[in-house]
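Okay, structure first, notes after.
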2 protein chains.
Amino acid sequence: MTRMRDCIFCRIIEGNLPASRVYEDETLIAIEDVHPQAPTHLLIIPRQHLATAQDFDSSHRQLIGSVFLAAKRLAEERGVAEQGYRVVLNCNRAGGQTVFHVHFHLLAGRPMRWPPG
Amino acid sequence: MTRMRDCIFCRIIEGNLPASRVYEDETLIAIEDVHPQAPTHLLIIPRQHLATAQDFDSSHRQLIGSVFLAAKRLAEERGVAEQGYRVVLNCNRAGGQTVFHVHFHLLAGRPMRWPPG
């Protein structure tokens with residue numbers, strides 16, 4: 001699978017940068033966000049390097065679905081599923097994306113406000 | 001496909017409640033949010049009635065993937081893809097869910113702030 005040497009998420013996926021890994025399978029990993037915005041704030045990161053959600057094509061449908069099944073499982077494991085959680089994808093700068101390797105934020109453990117940023 | 005008579009999104013999908021429909025295919029529709037929080041604020045709604053993201057199982061992977069391909073296409077059509085957008089899923093009350101038929105918010109047209117609510 002293509003890795004980008006200068007991508008911090010690729011380096012984490014390869015094990016070349018430390019991160020608090022809470023889940024992994026063949027297609028994605030989940031880590032704790034280093035700047036948490038809620039009591040639970042995880043990043044669900046596809047192993048495949050895609051810079052932004054604009055790189056998604058029909059071959060990624062299953063992968064994207066797997067992200068939400070992982071979110072569901074992680075929320076259950078942490079006991080926050082029933083209370084509730086939010087999943088956020090930022091695409092490009094105005095969307096709030098700062099690391100250009102597609103990732104999804106899972107936030108829970110407090111009431112999430114509206115608007116979502 | 002199962003419809004819930006008291007679900008406003010099922011009624012919109014059936015055509016029994018008005019909505020500004022901007023996209024539809026076999027598995028989902030997209031409408032304008034009636035309380036927009038950004039210049040572009042669409043709801044992408046699976047036709048299948050699932051109350052929350054906790055109802056997702058492995059049979060929904062393709063469907064979830066299709067949501068993000070629709071988001072990409074809608075962002076491109078509106079000319080906001082390059083600038084950026086945010087996709088948000090709220091699950092249950094603390095996540096901010098108010099309509100209990102799974103839906104994804106697509107927001108764009110302004111810089112999205114952090115935290116995401």
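Ordered as shown in the structure tokens, chains take letters A, B, and onward, while each chain numbers its residues from 1 and ligands are numbered from 1 in the order shown.
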
Within 10 Å of chain B: residues of chain A, using only C-alpha atoms, as number ranges by chain: A: 36-38, 52-69, 71-73, 75-76, 80-97, 104-117

Residues within 10 Å of B:Gln48, only C-alpha atoms, excluding chain neighbours under 2 positions, as a PyMOL selection string: chain B and resi 1-4+9-10+13+27-28+45-46+50-51+60+63+101-102

Run DSSP on the backbone and give me the residues of chain B it puts in strand (DSSP E or B), as a PyMOL selection string. chain B and resi 21-24+28-32+40-46+85-91+104-108

For stretch 32-34 of chain B, work out the shell of residues within 7 Å, counting only C-alpha atoms and skipping chain neighbours fewer than 4 positions away, then give it as a ChimeraX atom specification. /B:20-21,41-43

Can you write just those residues out, N, CA, C and O atoms, as an mmCIF file, in the first residue's frame?
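Once everything was written out, this is out-v6.cif:
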```
data_model
loop_
_atom_site.group_PDB
_atom_site.id
_atom_site.type_symbol
_atom_site.label_atom_id
_atom_site.label_comp_id
_atom_site.auth_asym_id
_atom_site.auth_seq_id
_atom_site.Cartn_x
_atom_site.Cartn_y
_atom_site.Cartn_z
ATOM 1 N N SER B 20 -36.710 20.660 -0.330
ATOM 2 C CA SER B 20 -35.933 21.079 -1.485
ATOM 3 C C SER B 20 -34.925 19.988 -1.808
ATOM 4 O O SER B 20 -33.849 19.913 -1.223
ATOM 5 N N ARG B 21 -35.310 19.129 -2.727
ATOM 6 C CA ARG B 21 -34.512 17.948 -3.048
ATOM 7 C C ARG B 21 -33.448 18.328 -4.065
ATOM 8 O O ARG B 21 -33.773 18.825 -5.143
ATOM 9 N N HIS B 41 -25.731 23.899 3.177
ATOM 10 C CA HIS B 41 -26.014 22.968 4.272
ATOM 11 C C HIS B 41 -27.069 21.995 3.786
ATOM 12 O O HIS B 41 -28.259 22.321 3.736
ATOM 13 N N LEU B 42 -26.598 20.816 3.390
ATOM 14 C CA LEU B 42 -27.466 19.786 2.850
ATOM 15 C C LEU B 42 -27.543 18.610 3.812
ATOM 16 O O LEU B 42 -26.642 18.396 4.625
ATOM 17 N N LEU B 43 -28.633 17.876 3.715
ATOM 18 C CA LEU B 43 -28.775 16.626 4.445
ATOM 19 C C LEU B 43 -28.769 15.485 3.432
ATOM 20 O O LEU B 43 -29.538 15.514 2.468
#
```

Nearest residue to B:Arg78 out of B:Ile29, B:Val22, B:Val99, B:Ile8, using only C-alpha atoms? B:Val22

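Comparing A:Arg47, A:Ala30, A:Phe100, A:Pro39 by their smallest distance to A:Gly79, the closest is A:Pro39 (using only C-alpha atoms).
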
Please report the interatomic distance between atom CA of B:Ala70 and atom CA of B:Ile44 in Å with one decimal. 7.9 Å

Residue list (alpha helix (DSSP H), DSSP) for stretch 18-102 of chain B, as a ChimeraX atom specification: /B:61-77,92-95
